[in-house]
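File shown: entry_18.cif. Contents: mmCIF, C-alpha atoms; chains and numbers go by the auth columns.
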```cif
data_model
#
loop_
_atom_site.group_PDB
_atom_site.id
_atom_site.type_symbol
_atom_site.label_atom_id
_atom_site.label_comp_id
_atom_site.label_asym_id
_atom_site.label_seq_id
_atom_site.Cartn_x
_atom_site.Cartn_y
_atom_site.Cartn_z
_atom_site.B_iso_or_equiv
_atom_site.auth_seq_id
_atom_site.auth_asym_id
ATOM 1 C CA ALA A 1 -62.406 -11.491 -20.739 0.00 1 R
ATOM 2 C CA LYS A 2 -59.725 -8.870 -21.505 0.00 2 R
ATOM 3 C CA MET A 3 -59.674 -9.985 -25.121 0.00 3 R
ATOM 4 C CA ALA A 4 -63.450 -9.734 -25.440 0.00 4 R
ATOM 5 C CA GLU A 5 -63.410 -6.292 -23.813 0.00 5 R
ATOM 6 C CA ALA A 6 -60.724 -5.243 -26.306 0.00 6 R
ATOM 7 C CA GLY A 7 -63.035 -6.227 -29.172 0.00 7 R
ATOM 8 C CA LEU A 8 -61.261 -9.370 -30.364 0.00 8 R
ATOM 9 C CA SER A 9 -63.440 -11.865 -32.187 0.00 9 R
ATOM 10 C CA PHE A 10 -63.719 -15.408 -30.864 0.00 10 R
ATOM 11 C CA LYS A 11 -61.293 -16.657 -33.542 0.00 11 R
ATOM 12 C CA GLU A 12 -58.803 -13.883 -32.773 0.00 12 R
ATOM 13 C CA ALA A 13 -59.001 -14.672 -29.059 0.00 13 R
ATOM 14 C CA VAL A 14 -58.393 -18.374 -29.689 0.00 14 R
ATOM 15 C CA ARG A 15 -55.367 -17.535 -31.845 0.00 15 R
ATOM 16 C CA LYS A 16 -53.992 -15.236 -29.120 0.00 16 R
ATOM 17 C CA LEU A 17 -54.600 -17.894 -26.460 0.00 17 R
ATOM 18 C CA GLU A 18 -52.690 -20.441 -28.535 0.00 18 R
ATOM 19 C CA GLU A 19 -49.785 -17.984 -28.727 0.00 19 R
ATOM 20 C CA LEU A 20 -49.887 -17.418 -24.966 0.00 20 R
ATOM 21 C CA LYS A 21 -50.079 -21.141 -24.332 0.00 21 R
ATOM 22 C CA GLN A 22 -46.676 -21.509 -25.977 0.00 22 R
ATOM 23 C CA THR A 23 -45.207 -19.184 -23.326 0.00 23 R
ATOM 24 C CA SER A 24 -46.393 -21.318 -20.414 0.00 24 R
ATOM 25 C CA ARG A 25 -44.175 -23.551 -18.350 0.00 25 R
ATOM 26 C CA ILE A 26 -44.855 -25.778 -15.394 0.00 26 R
ATOM 27 C CA PHE A 27 -42.025 -27.083 -13.232 0.00 27 R
ATOM 28 C CA PHE A 28 -42.987 -29.776 -10.718 0.00 28 R
ATOM 29 C CA THR A 29 -42.199 -32.973 -8.907 0.00 29 R
ATOM 30 C CA THR A 30 -44.166 -35.763 -7.283 0.00 30 R
ATOM 31 C CA GLY A 31 -43.505 -37.851 -4.206 0.00 31 R
ATOM 32 C CA ASP A 32 -43.085 -41.040 -6.213 0.00 32 R
ATOM 33 C CA LEU A 33 -43.498 -42.463 -9.692 0.00 33 R
ATOM 34 C CA SER A 34 -46.274 -44.976 -9.024 0.00 34 R
ATOM 35 C CA TYR A 35 -49.114 -42.821 -10.391 0.00 35 R
ATOM 36 C CA LEU A 36 -47.114 -41.944 -13.488 0.00 36 R
ATOM 37 C CA GLN A 37 -46.550 -45.673 -13.966 0.00 37 R
ATOM 38 C CA LYS A 38 -50.250 -46.504 -13.508 0.00 38 R
ATOM 39 C CA GLY A 39 -51.108 -43.868 -16.106 0.00 39 R
ATOM 40 C CA GLY A 40 -48.758 -45.461 -18.625 0.00 40 R
ATOM 41 C CA ARG A 41 -46.237 -42.622 -18.594 0.00 41 R
ATOM 42 C CA ILE A 42 -43.343 -44.781 -17.342 0.00 42 R
ATOM 43 C CA GLY A 43 -42.600 -48.473 -16.953 0.00 43 R
ATOM 44 C CA LYS A 44 -43.012 -50.691 -13.901 0.00 44 R
ATOM 45 C CA VAL A 45 -39.308 -51.560 -13.660 0.00 45 R
ATOM 46 C CA LEU A 46 -38.336 -47.880 -13.535 0.00 46 R
ATOM 47 C CA THR A 47 -40.980 -47.267 -10.882 0.00 47 R
ATOM 48 C CA GLN A 48 -39.682 -50.087 -8.698 0.00 48 R
ATOM 49 C CA ALA A 49 -36.045 -49.018 -9.096 0.00 49 R
ATOM 50 C CA ALA A 50 -36.943 -45.412 -8.300 0.00 50 R
ATOM 51 C CA SER A 51 -38.771 -46.528 -5.173 0.00 51 R
ATOM 52 C CA VAL A 52 -35.783 -48.491 -3.896 0.00 52 R
ATOM 53 C CA LEU A 53 -33.355 -45.649 -4.675 0.00 53 R
ATOM 54 C CA LYS A 54 -35.735 -42.924 -3.412 0.00 54 R
ATOM 55 C CA ILE A 55 -35.549 -41.154 -6.773 0.00 55 R
ATOM 56 C CA LYS A 56 -37.856 -38.183 -7.370 0.00 56 R
ATOM 57 C CA PRO A 57 -38.721 -36.983 -10.866 0.00 57 R
ATOM 58 C CA ILE A 58 -38.357 -33.443 -12.170 0.00 58 R
ATOM 59 C CA ILE A 59 -41.048 -32.787 -14.760 0.00 59 R
ATOM 60 C CA HIS A 60 -41.608 -29.794 -17.027 0.00 60 R
ATOM 61 C CA LEU A 61 -44.597 -28.922 -19.159 0.00 61 R
ATOM 62 C CA TYR A 62 -43.178 -27.387 -22.313 0.00 62 R
ATOM 63 C CA GLU A 63 -45.152 -26.626 -25.485 0.00 63 R
ATOM 64 C CA GLY A 64 -48.085 -28.617 -24.160 0.00 64 R
ATOM 65 C CA GLU A 65 -46.087 -31.778 -23.457 0.00 65 R
ATOM 66 C CA LEU A 66 -44.895 -33.276 -20.185 0.00 66 R
ATOM 67 C CA GLN A 67 -41.177 -33.895 -20.354 0.00 67 R
ATOM 68 C CA ALA A 68 -38.781 -35.554 -17.963 0.00 68 R
ATOM 69 C CA ALA A 69 -36.279 -32.929 -16.880 0.00 69 R
ATOM 70 C CA GLY A 70 -34.196 -35.034 -14.561 0.00 70 R
ATOM 71 C CA ILE A 71 -34.214 -37.112 -11.428 0.00 71 R
ATOM 72 C CA VAL A 72 -32.711 -36.537 -8.022 0.00 72 R
ATOM 73 C CA ARG A 73 -32.589 -38.381 -4.759 0.00 73 R
ATOM 74 C CA ALA A 74 -34.806 -36.905 -2.033 0.00 74 R
ATOM 75 C CA ARG A 75 -37.847 -34.665 -2.089 0.00 75 R
ATOM 76 C CA LYS A 76 -36.110 -31.461 -0.956 0.00 76 R
ATOM 77 C CA LYS A 77 -33.498 -31.811 -3.692 0.00 77 R
ATOM 78 C CA SER A 78 -36.217 -32.330 -6.314 0.00 78 R
ATOM 79 C CA ILE A 79 -37.976 -29.150 -5.195 0.00 79 R
ATOM 80 C CA ARG A 80 -34.693 -27.203 -5.215 0.00 80 R
ATOM 81 C CA LYS A 81 -33.898 -28.488 -8.725 0.00 81 R
ATOM 82 C CA PHE A 82 -37.162 -27.449 -10.347 0.00 82 R
ATOM 83 C CA MET A 83 -37.043 -24.095 -8.537 0.00 83 R
ATOM 84 C CA ASP A 84 -33.599 -23.548 -10.079 0.00 84 R
ATOM 85 C CA ASP A 85 -35.016 -24.582 -13.474 0.00 85 R
ATOM 86 C CA ALA A 86 -37.838 -22.039 -13.095 0.00 86 R
ATOM 87 C CA LYS A 87 -35.362 -19.284 -12.196 0.00 87 R
ATOM 88 C CA ALA A 88 -33.228 -20.186 -15.217 0.00 88 R
ATOM 89 C CA PHE A 89 -36.335 -19.908 -17.438 0.00 89 R
ATOM 90 C CA PHE A 90 -36.619 -16.244 -16.450 0.00 90 R
ATOM 91 C CA ALA A 91 -32.920 -15.467 -16.973 0.00 91 R
ATOM 92 C CA ASP A 92 -33.515 -13.790 -20.359 0.00 92 R
ATOM 93 C CA LYS A 93 -37.096 -12.591 -19.750 0.00 93 R
ATOM 94 C CA ASN A 94 -38.839 -9.809 -17.888 0.00 94 R
ATOM 95 C CA ILE A 95 -40.276 -11.795 -14.982 0.00 95 R
ATOM 96 C CA ASN A 96 -43.003 -9.172 -14.469 0.00 96 R
ATOM 97 C CA ASP A 97 -44.437 -9.995 -17.901 0.00 97 R
ATOM 98 C CA TYR A 98 -45.573 -13.326 -16.406 0.00 98 R
ATOM 99 C CA ARG A 99 -48.355 -14.534 -14.174 0.00 99 R
ATOM 100 C CA ILE A 100 -46.872 -17.006 -11.671 0.00 100 R
ATOM 101 C CA CYS A 101 -48.565 -19.465 -9.356 0.00 101 R
ATOM 102 C CA THR A 102 -47.673 -22.402 -7.193 0.00 102 R
ATOM 103 C CA GLY A 103 -49.677 -25.564 -6.707 0.00 103 R
ATOM 104 C CA MET A 104 -49.810 -28.453 -4.300 0.00 104 R
ATOM 105 C CA GLY A 105 -51.379 -31.781 -3.604 0.00 105 R
ATOM 106 C CA HIS A 106 -52.290 -32.650 -0.029 0.00 106 R
ATOM 107 C CA ASP A 107 -49.280 -31.674 2.115 0.00 107 R
ATOM 108 C CA LYS A 108 -50.214 -28.172 3.293 0.00 108 R
ATOM 109 C CA ALA A 109 -47.271 -27.747 5.694 0.00 109 R
ATOM 110 C CA GLU A 110 -44.723 -28.621 2.998 0.00 110 R
ATOM 111 C CA TYR A 111 -46.532 -26.348 0.558 0.00 111 R
ATOM 112 C CA ASP A 112 -46.643 -23.329 2.876 0.00 112 R
ATOM 113 C CA ALA A 113 -42.854 -23.436 3.321 0.00 113 R
ATOM 114 C CA PHE A 114 -42.371 -24.004 -0.425 0.00 114 R
ATOM 115 C CA HIS A 115 -44.670 -21.126 -1.420 0.00 115 R
ATOM 116 C CA ALA A 116 -42.926 -18.724 0.986 0.00 116 R
ATOM 117 C CA GLU A 117 -39.539 -19.691 -0.487 0.00 117 R
ATOM 118 C CA VAL A 118 -40.803 -19.215 -4.058 0.00 118 R
ATOM 119 C CA VAL A 119 -42.162 -15.754 -3.201 0.00 119 R
ATOM 120 C CA LYS A 120 -38.856 -14.794 -1.547 0.00 120 R
ATOM 121 C CA GLU A 121 -36.715 -15.984 -4.457 0.00 121 R
ATOM 122 C CA LEU A 122 -38.929 -14.392 -7.117 0.00 122 R
ATOM 123 C CA GLN A 123 -38.914 -11.081 -5.246 0.00 123 R
ATOM 124 C CA GLU A 124 -35.115 -11.272 -5.153 0.00 124 R
ATOM 125 C CA MET A 125 -35.281 -11.598 -8.952 0.00 125 R
ATOM 126 C CA GLY A 126 -37.398 -8.426 -9.134 0.00 126 R
ATOM 127 C CA PHE A 127 -40.881 -9.944 -9.348 0.00 127 R
ATOM 128 C CA THR A 128 -43.428 -7.447 -8.061 0.00 128 R
ATOM 129 C CA GLY A 129 -46.656 -9.354 -8.652 0.00 129 R
ATOM 130 C CA GLU A 130 -48.605 -11.797 -6.550 0.00 130 R
ATOM 131 C CA VAL A 131 -47.605 -15.453 -6.579 0.00 131 R
ATOM 132 C CA GLU A 132 -50.988 -17.136 -6.663 0.00 132 R
ATOM 133 C CA SER A 133 -51.700 -20.391 -4.792 0.00 133 R
ATOM 134 C CA TYR A 134 -53.732 -23.326 -6.074 0.00 134 R
ATOM 135 C CA GLN A 135 -54.734 -26.757 -4.868 0.00 135 R
ATOM 136 C CA ILE A 136 -54.003 -29.235 -7.646 0.00 136 R
ATOM 137 C CA GLY A 137 -57.276 -30.884 -8.590 0.00 137 R
ATOM 138 C CA CYS A 138 -58.264 -34.503 -8.857 0.00 138 R
ATOM 139 C CA THR A 139 -57.929 -34.625 -12.656 0.00 139 R
ATOM 140 C CA ILE A 140 -54.214 -33.855 -12.449 0.00 140 R
ATOM 141 C CA GLY A 141 -53.925 -35.825 -9.215 0.00 141 R
ATOM 142 C CA VAL A 142 -54.990 -39.004 -11.003 0.00 142 R
ATOM 143 C CA HIS A 143 -51.728 -38.794 -12.950 0.00 143 R
ATOM 144 C CA THR A 144 -49.433 -37.413 -10.244 0.00 144 R
ATOM 145 C CA GLY A 145 -50.827 -38.886 -7.057 0.00 145 R
ATOM 146 C CA PRO A 146 -51.436 -36.892 -3.890 0.00 146 R
ATOM 147 C CA THR A 147 -47.979 -35.296 -3.652 0.00 147 R
ATOM 148 C CA PRO A 148 -47.420 -32.963 -6.625 0.00 148 R
ATOM 149 C CA ILE A 149 -45.869 -29.581 -5.932 0.00 149 R
ATOM 150 C CA GLY A 150 -44.737 -27.026 -8.457 0.00 150 R
ATOM 151 C CA ILE A 151 -44.559 -23.640 -10.134 0.00 151 R
ATOM 152 C CA ALA A 152 -46.515 -22.529 -13.198 0.00 152 R
ATOM 153 C CA CYS A 153 -46.060 -19.413 -15.287 0.00 153 R
ATOM 154 C CA ILE A 154 -47.635 -17.922 -18.380 0.00 154 R
ATOM 155 C CA ARG A 155 -46.986 -14.662 -20.148 0.00 155 R
ATOM 156 C CA LYS A 156 -49.646 -12.064 -19.327 0.00 156 R
ATOM 157 C CA TYR A 157 -52.029 -10.899 -22.021 0.00 157 R
ATOM 158 C CA ASN A 158 -51.750 -7.187 -22.657 0.00 158 R
ATOM 159 C CA VAL A 159 -54.280 -5.454 -24.874 0.00 159 R
#
```
Turn the structure described in the file into structure tokens.
Amino acid sequence: AKMAEAGLSFKEAVRKLEELKQTSRIFFTTGDLSYLQKGGRIGKVLTQAASVLKIKPIIHLYEGELQAAGIVRARKKSIRKFMDDAKAFFADKNINDYRICTGMGHDKAEYDAFHAEVVKELQEMGFTGEVESYQIGCTIGVHTGPTPIGIACIRKYNV
């Protein structure tokens, strides 16, 4: 809408959106690997081993592709790890040039504590904006299961 109001043509807006898309990152984890396995993202043997060892994946969306960014044992450690990854992403950037949101699957209590911690840590880094909250929808949930939780950011569009 801002681009249209600024007089950009449809083609110019699409080009700008493609540029902005390259600035986006998503840092998240899921409760288990079974949905990633069912979607063909990982193998059955890895899924079974991860279940036995209580391994949680760290996943990043970078340049439009989901990428494995590590594994840890335990849910709290996986959340701490991707939060640290998100903070490292902003190390050489002006954090206030970004729109930031958090998202969750079905565990509202876990999410509320997570969101509050994200807000606190981002404010400590100098973030002055709102950290938006979103329920992760069923389209993404098909691939992640009911327990995704994460942080998303994209550079703001300025006319």
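Matched in the shown structure by the PyMOL selection byres ((chain R and resi 63) around 12): Glu18, Glu19, Leu20, Lys21, Gln22, Thr23, Ser24, Arg25, Ile26, His60, Leu61, Tyr62, Gly64, Glu65, Leu66, Gln67 and Ile154 of chain R.
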Return as a CSV table (one decimal) with C-alpha atoms, keeping the file's coordinate frame the set of residues that the PyMOL selection byres ((chain R and resi 76) around 12) yields on the displayed structure.
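Listed below is the output, result.csv:
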```csv
chain,number,residue,atom,x,y,z
R,29,THR,CA,-42.2,-33.0,-8.9
R,30,THR,CA,-44.2,-35.8,-7.3
R,31,GLY,CA,-43.5,-37.9,-4.2
R,54,LYS,CA,-35.7,-42.9,-3.4
R,55,ILE,CA,-35.5,-41.2,-6.8
R,56,LYS,CA,-37.9,-38.2,-7.4
R,57,PRO,CA,-38.7,-37.0,-10.9
R,58,ILE,CA,-38.4,-33.4,-12.2
R,72,VAL,CA,-32.7,-36.5,-8.0
R,73,ARG,CA,-32.6,-38.4,-4.8
R,74,ALA,CA,-34.8,-36.9,-2.0
R,75,ARG,CA,-37.8,-34.7,-2.1
R,77,LYS,CA,-33.5,-31.8,-3.7
R,78,SER,CA,-36.2,-32.3,-6.3
R,79,ILE,CA,-38.0,-29.2,-5.2
R,80,ARG,CA,-34.7,-27.2,-5.2
R,81,LYS,CA,-33.9,-28.5,-8.7
R,82,PHE,CA,-37.2,-27.4,-10.3
R,83,MET,CA,-37.0,-24.1,-8.5
R,110,GLU,CA,-44.7,-28.6,3.0
R,111,TYR,CA,-46.5,-26.3,0.6
R,113,ALA,CA,-42.9,-23.4,3.3
R,114,PHE,CA,-42.4,-24.0,-0.4
R,149,ILE,CA,-45.9,-29.6,-5.9
```
Give me, as a PDB file with C-alpha atoms, in the frame of the given file, all polymer residues having an atom no more than 9 Å from range 95-106 of chain R, counting all atoms listed in the file and skipping those fewer than 6 positions away in the same chain.
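Generated file (result08.pdb):
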```
ATOM      1  CA  SER R  24     -46.393 -21.318 -20.414  1.00  0.00           C
ATOM      2  CA  PHE R  28     -42.987 -29.776 -10.718  1.00  0.00           C
ATOM      3  CA  PHE R 114     -42.371 -24.004  -0.425  1.00  0.00           C
ATOM      4  CA  HIS R 115     -44.670 -21.126  -1.420  1.00  0.00           C
ATOM      5  CA  VAL R 118     -40.803 -19.215  -4.058  1.00  0.00           C
ATOM      6  CA  LEU R 122     -38.929 -14.392  -7.117  1.00  0.00           C
ATOM      7  CA  MET R 125     -35.281 -11.598  -8.952  1.00  0.00           C
ATOM      8  CA  GLY R 126     -37.398  -8.426  -9.134  1.00  0.00           C
ATOM      9  CA  PHE R 127     -40.881  -9.944  -9.348  1.00  0.00           C
ATOM     10  CA  THR R 128     -43.428  -7.447  -8.061  1.00  0.00           C
ATOM     11  CA  GLY R 129     -46.656  -9.354  -8.652  1.00  0.00           C
ATOM     12  CA  GLU R 130     -48.605 -11.797  -6.550  1.00  0.00           C
ATOM     13  CA  VAL R 131     -47.605 -15.453  -6.579  1.00  0.00           C
ATOM     14  CA  GLU R 132     -50.988 -17.136  -6.663  1.00  0.00           C
ATOM     15  CA  SER R 133     -51.700 -20.391  -4.792  1.00  0.00           C
ATOM     16  CA  TYR R 134     -53.732 -23.326  -6.074  1.00  0.00           C
ATOM     17  CA  GLN R 135     -54.734 -26.757  -4.868  1.00  0.00           C
ATOM     18  CA  ILE R 136     -54.003 -29.235  -7.646  1.00  0.00           C
ATOM     19  CA  GLY R 137     -57.276 -30.884  -8.590  1.00  0.00           C
ATOM     20  CA  GLY R 141     -53.925 -35.825  -9.215  1.00  0.00           C
ATOM     21  CA  THR R 144     -49.433 -37.413 -10.244  1.00  0.00           C
ATOM     22  CA  GLY R 145     -50.827 -38.886  -7.057  1.00  0.00           C
ATOM     23  CA  PRO R 146     -51.436 -36.892  -3.890  1.00  0.00           C
ATOM     24  CA  THR R 147     -47.979 -35.296  -3.652  1.00  0.00           C
ATOM     25  CA  PRO R 148     -47.420 -32.963  -6.625  1.00  0.00           C
ATOM     26  CA  ILE R 149     -45.869 -29.581  -5.932  1.00  0.00           C
ATOM     27  CA  GLY R 150     -44.737 -27.026  -8.457  1.00  0.00           C
ATOM     28  CA  ILE R 151     -44.559 -23.640 -10.134  1.00  0.00           C
ATOM     29  CA  ALA R 152     -46.515 -22.529 -13.198  1.00  0.00           C
ATOM     30  CA  CYS R 153     -46.060 -19.413 -15.287  1.00  0.00           C
ATOM     31  CA  ILE R 154     -47.635 -17.922 -18.380  1.00  0.00           C
ATOM     32  CA  ARG R 155     -46.986 -14.662 -20.148  1.00  0.00           C
ATOM     33  CA  LYS R 156     -49.646 -12.064 -19.327  1.00  0.00           C
ATOM     34  CA  TYR R 157     -52.029 -10.899 -22.021  1.00  0.00           C
TER      35      TYR R 157
END
```
Between CA of Leu17 in chain R and CA of Ile59 in chain R, what is the spacing in Å?
23.3 Å
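With all atoms listed in the file as the basis for measurement, R:Leu36 is the residue among R:Leu36, R:Leu8, R:Ala91, R:Ala13 that approaches Ile140 in chain R most closely.
Here CA of Ala69 in chain R is placed at a distance of 20.5 Å from CA of Val142 in chain R.
Atom pair CA of Arg15 in chain R / CA of Cys138 in chain R: separated by 28.7 Å.
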What are the centre and edge lengths in Å, to one decimal, of the axis-aligned box around all listed atoms of range 136-145 of chain R with 3 Å added on each side, as lines of an AutoDock Vina configuration file?
```
center_x = -53.8
center_y = -34.1
center_z = -10.0
size_x = 14.8
size_y = 15.8
size_z = 11.9
```
